[in-house]
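Student: The structure that follows is given in the form of structure tokens.
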Amino acid sequence: MLFGLDGVEVGILIVFLTLFAGILSGFPVAFAISGAAVISFAIIALLDGGGLLTHFAIDTRSEQYQQLVAQGIRPDDISTFTFPDLPTYGEPVFPQGWETALDRNVSFVVNRMNERVLAGQSIETLLAVLMFVMMGITLERSRIADELLTTMAKVFGPLPGGLAVSIVIVGAFLAASTGIVGATVVTMGLLALPTMLKNGYSPELSTGVIAASGTLGQIIPPSIVIVLLGTLAGDLYSTAQEERAQAAGCTDALTYLGEPAVVSVGTLFQAALLPGILLAFLYGAYAFGYALLNPSKAPAVRFDDAKSGEVITRNEALFWFLGAPAGLIALLIVLMQVNLVGSQSVIVDSFTDAGQSASLRTNVSPECAASMQELHGEEAWSAALAEQATIDEFGGVEAARRLLDDERASIRLERIADAPPIGTGIAIFALFAGLTLALARGVAPSRPSLPLIAGSLGVLLMLLVDVLLISAVTTPGATTLLIALPLALILYGMNKAAHRLFQNEVLRVVFPPLVLIVAVLGSILGGITNPTPAAALGAGGAIMLAAYRKLQDQGRSGRMVIWTTYAMAIMLIVGVNFDMRMGRETVLFEDYIAFLVAFGAFIFAIVGILWACWTLLAGGVLSPVVRETAKVTSMVFTILIGSQLLNLVLISFGGEHYIQQFLESFGDEWTVFLIVMLVLFILGFVLDFLEIIYIVIPIVGPVIYGGTFDPKWVTIMIAVNLQTSFLTPPFGFALFYLRGVAPAAITTGQIYRGVLPFIVIQMAGLLLLALVPGVVTIVPNLLD
């Protein structure tokens with residue numbers, strides 16, 4: 001026995017000490033992890049072969065052990081931590097020799113690589129990492145941060161602490177568009193820190209707000225951290241809950257929990273949205289409050305603004321920028337609630353719906369029934385029994401059956417009669433047009449309003465045509481012809497409105513990337529698609545936006561980019577509203593026309609995207625973007641492979657199981673979770689989030705995901721915790737990034753003092769999420 005420690009404990013120490021030594025050695029982290037796996041296994045095998053490592057295992061043949069099993073205690077719940085007085089016996093950490101363990105590890109490596117890196121279910125989600133990275137790097141190279149910082153400084157600078165507040169807003173914006181902490185901190189450090197210091201801001205507030213705002217990319221979607229955590233959390237939660245259900249005497253997790261044991265990356269994006277916004281709000285509130293208490297250290301700053309002489313009164317601003325948009329959105333919500341706006345689909349399925357089953361499965365074993373009563377409560381179990389009794393009384397759950405032609409026709413007539421007079425698509429387009437026209441009026445209230453009035457009349461006329469002339473069975477071609485005149489008026493008004501909007505500096509800078517962010521996040525949060533296609537949309541949109549910016553810098557026209565964007569919009573709109581299946585027995589003439597239009601738009605969009613790529617390549621932008629994307633992505637996947645090797649080393653001598661037994665010995669879920677959070681926080685001082693996610697989470701995941709906590713809440717708590725470790729002295733990575741670009745006059749001590757209030761805010765945010773889990777779960781529940 002070495003140092004009086006159990007052999008497995010010594011093995012665990014060797015693994016992590018070797019890992020830390022490899023990381024601190026200066027070698028690339030991705031290779032240091034793989035090297036640490038090989039070296040640590042060799043050291044443990046050498047010590048074990050020399051008889052220096054002894055593991056004390058419980059003697060399962062002893063009378064005391066048999067008595068515990070006879071009392072109904074599961075063998076998996078019996079360990080040296082829970083029952084330290086049980087008889088033990090010494091054995092090598094590799095009972096069958098290190099050669100057998102090595103042979104088994106090689107087999108596991110092949111399976112793990114195939115499952116998690118090459119062809120597993122999570123590989124599609126991991127591809128989203130590549131495209132989100134490309135999206136972020138492309139937007140960074142397109143000088144979005146430069147213009148955002150300049151514009152927001154002009155808008156908020158005149159307020160107390162306005163520059164600091166603008167940093168928080170830009171940090172949140174860059175988090176939602178790039179999601180790369182290092183790039184955000186470095187960019188804002190280079191651009192904003194000199195300006196803040198020049199205008200009298202204290203070094204502590206300046207460095208603190210930049211470092212903290214830069215870390216928002218850890219939590220605000222689309223976050224790479226959330227994507228990587230989500231791919232692990234789904235597997236860990238599903239496996240852990242299956243084991244929990246079987247331990248409770250049930251056949252599967254669906255029976256025991258009453259719902260599928262599933263958590264997706266899209267759901268985690270929904271869960272992370274509100275906590276990310278909350279943290280950004282707390283940062284901004286602190287900066288504003290600090291300025292009010294210390295006006296000399298965060299003074300108001302006015303910048304020379306070369307805007308037009310347009311004067312907007314407070315009442316005009318309140319009405320056009322707040323009142324009118326809020327009124328239009330509220331009106332749409334009300335109309336949807338009273339069924340005046342909604343889906344006009346009259347498609348009838350070929351089969352009936354299956355009958356409603358009970359809220360919980362009740363036909364289970366007595367042991368499972370007792371466990372389910374304990375989990376869900378007596379009231380829920382009694383309700384499920386009553387529901388099942390009613391279902392049995394009427395002959396059981398009605399199975400789905402094929403509908404007769406008469407039944408389908410009758411159901412279709414009912415849906416036609418019940419269809420709302422205004423379709424969802426037309427209503428949303430009318431809302432978008434109305435918001436655009438209202439904002440354009442507010443931006444330039446003194447300019448002629450006739451074009452905007454014409455656009456507004458077009459919106460009203462389109463809605464009137466939809467109510468009077470368009471029904472649920474009107475074909476898309478006929479609908480297009482009927483709304484052609486109102487649509488022409490709307491497009492005329494929106495064209496004039498767009499010119500006015502883009503003459504406003506704030507809207508010109510914020511609107512294009514904002515649309516891209518809304519398109520990417522909206523498609524994920526709305527459940528339209530999963531993160532991988534959304535990431536592809538984001539990468540393509542970022543290329544288009546960067547090409548437009550490059551053309552503007554070169555004094556060239558960006559019309560090709562705009563036309564390409566229109567072509568993509570036409571392709572999507574036509575594809576959604578018309579039936580593009582040309583292999584049907586009967587194809588309407590309007591569908592042929594729609595197919596040709598959509599195909600033409602598709603060809604034009606492809607040519608436009610290739611032209612945008614050529615523009616960036618010729619401008620020296622695309623090559624570094626591709627190289628940097630390849631570098632970051634290869635690092636992620638290499639760390640994934642190395643971490644699998646390290647985990648297999650732990651598994652080979654029982655280290656992973658030993659750690660899990662230690663955590664489970666505490667019994668109380670909250671105690672275990674707090675210990676894990678503390679360990680993650682401390683490890684965040686020396687390990688990057690990638691190493692923590694791929695090395696530590698698979699070890700502790702089966703414990704923290706195997707209890708009663710909501711997996712979404714657990715995952716977001718981990719993400720916020722990792723974000724906090726980015727800020728914590730002396731090893732916070734955000735501090736290193738900022739130190740590297742800060743002026744020599746800024747001391748490391750000032751940076752450390754600057755981030756302390758934001759660390760307190762992070763801790764307060766974690767405490768709030770712990771006490772009020774609804775902050776995490778409310779958005780997924782609403783969108784479910």
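Following the order of the structure tokens, first chain is A, next is B, and so on, with residues numbered from 1 inside each chain and ligands from 1 in the order they appear.
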I want to know what sits within 8 Å of range 765-767 of chain A, based on only C-alpha atoms, with residues of the same chain fewer than 4 positions away left out; could you give that as a ChimeraX atom specification?
Tutor: /A:278-279,717,720-721,761,771
Student: In range 423-630 of chain A, what's alpha helix (DSSP H) per DSSP? Answer as a PyMOL selection string?
Tutor: chain A and resi 424-443+450-468+476-482+484-501+505-525+531-553+559-577+589-618+622-630
Student: Need to verify the contact set: Thr138 in chain A, 8 Å, only C-alpha atoms, exclusion of same-chain residues closer than 4 positions in sequence. Can you return it as a ChimeraX atom specification?
Tutor: /A:134,142,539,542-543,546,622,625
Student: Go ahead and compute the interatomic distance for CA of Ala567 in chain A and CA of Ala547 in chain A, in Å to one decimal.
Tutor: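 These two atoms are separated by 16.3 Å.
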Student: Compile the contact shell of Val607 in chain A as a ChimeraX atom specification: residues with an atom at most 12 Å away, counting only C-alpha atoms, same-chain residues fewer than 2 positions apart removed.
Tutor: /A:544,560-561,563-565,567-568,600-605,609-614
Student: So that I can see what lies close to Ala176 in chain A, please list as JSON, numbers by chain the residues with an atom at most 12 Å from it, counting only C-alpha atoms and leaving out residues fewer than 3 positions away in the same chain.
Tutor: {"A": [132, 133, 135, 136, 139, 169, 170, 171, 172, 173, 179, 180, 181, 184, 213, 214, 215, 216, 217, 218, 219, 220, 221, 222, 223, 224, 269, 272, 273, 276, 277, 280, 513, 514, 515, 516, 517, 518, 519, 520, 521, 522, 538]}
Student: Neighbours of Ala324 in chain A within 10 Å (only C-alpha atoms; same-chain residues fewer than 2 positions away dropped), as a short mmCIF file (atom, residue, chain, number, x, y, z; two decimals) with N, CA and C atoms, in the first residue's frame?
Tutor:
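New file out-v1.cif:
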data_model
loop_
_atom_site.label_atom_id
_atom_site.label_comp_id
_atom_site.auth_asym_id
_atom_site.auth_seq_id
_atom_site.Cartn_x
_atom_site.Cartn_y
_atom_site.Cartn_z
N LEU A 318 -41.63 57.44 -28.16
CA LEU A 318 -42.39 56.48 -27.36
C LEU A 318 -43.46 55.80 -28.19
N PHE A 319 -44.14 56.56 -29.06
CA PHE A 319 -45.23 55.98 -29.82
C PHE A 319 -44.73 55.04 -30.92
N TRP A 320 -43.79 55.53 -31.75
CA TRP A 320 -43.38 54.74 -32.91
C TRP A 320 -42.41 53.62 -32.57
N PHE A 321 -41.60 53.82 -31.54
CA PHE A 321 -40.61 52.79 -31.18
C PHE A 321 -41.10 51.83 -30.12
N LEU A 322 -42.11 52.23 -29.35
CA LEU A 322 -42.60 51.36 -28.27
C LEU A 322 -44.08 51.08 -28.38
N ALA A 326 -45.59 47.47 -29.79
CA ALA A 326 -46.23 46.68 -28.74
C ALA A 326 -47.71 46.46 -29.05
N GLY A 327 -48.37 47.50 -29.59
CA GLY A 327 -49.78 47.37 -29.93
C GLY A 327 -50.02 46.35 -31.04
N LEU A 328 -49.16 46.37 -32.06
CA LEU A 328 -49.32 45.42 -33.16
C LEU A 328 -49.12 43.98 -32.69
N ILE A 329 -48.10 43.76 -31.87
CA ILE A 329 -47.84 42.40 -31.35
C ILE A 329 -48.98 41.95 -30.46
N ALA A 330 -49.47 42.85 -29.59
CA ALA A 330 -50.58 42.50 -28.70
C ALA A 330 -51.84 42.19 -29.51
N GLY A 434 -45.90 45.79 -40.75
CA GLY A 434 -46.35 46.88 -39.89
C GLY A 434 -45.24 47.39 -38.98
N LEU A 435 -44.45 46.47 -38.41
CA LEU A 435 -43.33 46.88 -37.55
C LEU A 435 -42.30 47.67 -38.34
N ALA A 438 -43.72 51.16 -39.06
CA ALA A 438 -43.79 51.97 -37.85
C ALA A 438 -42.40 52.48 -37.45
N LEU A 439 -41.40 51.60 -37.48
CA LEU A 439 -40.05 52.01 -37.12
C LEU A 439 -39.51 53.05 -38.11
N GLY A 442 -40.90 56.34 -37.20
CA GLY A 442 -40.28 56.89 -36.01
C GLY A 442 -38.88 57.40 -36.26
#
Student: Tell me, as a short mmCIF file (atom, residue, chain, number, x, y, z; two decimals) with N, CA and C atoms, in the first residue's frame, which residues lie within 12 Å of Phe156 in chain A, counting only C-alpha atoms; anything in the same chain fewer than 4 positions away does not count.
Tutor:
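Final output, selection-v1.cif:
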data_model
loop_
_atom_site.label_atom_id
_atom_site.label_comp_id
_atom_site.auth_asym_id
_atom_site.auth_seq_id
_atom_site.Cartn_x
_atom_site.Cartn_y
_atom_site.Cartn_z
N LEU A 148 -20.40 47.75 -33.71
CA LEU A 148 -21.32 47.67 -32.57
C LEU A 148 -20.81 48.50 -31.40
N LEU A 149 -19.54 48.37 -31.09
CA LEU A 149 -18.98 49.14 -29.97
C LEU A 149 -19.09 50.63 -30.22
N THR A 150 -18.75 51.06 -31.42
CA THR A 150 -18.81 52.49 -31.74
C THR A 150 -20.24 53.00 -31.65
N THR A 151 -21.18 52.25 -32.21
CA THR A 151 -22.57 52.69 -32.24
C THR A 151 -23.18 52.70 -30.84
N MET A 152 -22.98 51.63 -30.08
CA MET A 152 -23.56 51.56 -28.74
C MET A 152 -22.94 52.61 -27.82
N PRO A 160 -24.91 57.88 -17.26
CA PRO A 160 -23.90 57.51 -16.25
C PRO A 160 -23.47 56.05 -16.44
N GLY A 161 -22.19 55.83 -16.57
CA GLY A 161 -21.70 54.47 -16.82
C GLY A 161 -22.10 53.93 -18.17
N GLY A 162 -22.43 54.83 -19.10
CA GLY A 162 -22.96 54.41 -20.39
C GLY A 162 -22.00 53.55 -21.19
N LEU A 163 -20.70 53.87 -21.14
CA LEU A 163 -19.74 53.06 -21.87
C LEU A 163 -19.71 51.63 -21.33
N ALA A 164 -19.78 51.49 -20.02
CA ALA A 164 -19.78 50.14 -19.42
C ALA A 164 -21.04 49.39 -19.81
N VAL A 165 -22.18 50.08 -19.80
CA VAL A 165 -23.44 49.43 -20.20
C VAL A 165 -23.37 49.00 -21.66
N SER A 166 -22.79 49.86 -22.50
CA SER A 166 -22.68 49.50 -23.92
C SER A 166 -21.79 48.28 -24.10
N ILE A 167 -20.75 48.13 -23.27
CA ILE A 167 -19.89 46.94 -23.33
C ILE A 167 -20.70 45.69 -23.03
N VAL A 168 -21.58 45.77 -22.02
CA VAL A 168 -22.40 44.61 -21.66
C VAL A 168 -23.33 44.24 -22.82
N ILE A 169 -23.95 45.25 -23.44
CA ILE A 169 -24.87 44.98 -24.55
C ILE A 169 -24.13 44.35 -25.73
N VAL A 170 -22.97 44.92 -26.05
CA VAL A 170 -22.19 44.37 -27.16
C VAL A 170 -21.69 42.97 -26.81
N GLY A 284 -25.13 44.88 -16.43
CA GLY A 284 -25.46 46.26 -16.79
C GLY A 284 -25.98 47.05 -15.60
N PHE A 288 -24.33 50.50 -14.09
CA PHE A 288 -25.11 51.74 -13.93
C PHE A 288 -25.12 52.20 -12.48
N PRO A 299 -17.83 58.39 -15.84
CA PRO A 299 -18.57 59.58 -16.26
C PRO A 299 -19.35 59.37 -17.54
N ALA A 300 -20.35 60.22 -17.73
CA ALA A 300 -21.08 60.23 -18.99
C ALA A 300 -20.16 60.79 -20.08
N VAL A 301 -20.27 60.24 -21.28
CA VAL A 301 -19.39 60.64 -22.38
C VAL A 301 -20.24 60.90 -23.62
N ARG A 302 -19.99 62.02 -24.25
CA ARG A 302 -20.67 62.34 -25.50
C ARG A 302 -19.68 62.24 -26.65
N PHE A 303 -20.11 61.58 -27.72
CA PHE A 303 -19.29 61.44 -28.91
C PHE A 303 -19.85 62.32 -30.01
N VAL A 506 -27.76 53.27 -35.83
CA VAL A 506 -27.97 52.13 -34.93
C VAL A 506 -28.62 50.97 -35.66
#
Student: Calculate how many Å separate CA of Ala618 in chain A from CA of Val632 in chain A, rounding to one decimal.
Tutor: 23.2 Å
Student: Using only C-alpha atoms, pick whichever of A:Leu86, A:Leu646, A:Leu292, A:Met372 has the shortest atom-to-atom distance to Gly35 in chain A.
Tutor: A:Leu646
Student: What is the CA of Tyr492 in chain A to CA of Leu331 in chain A distance in Å?
Tutor: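 These atoms are spaced 24.1 Å apart.
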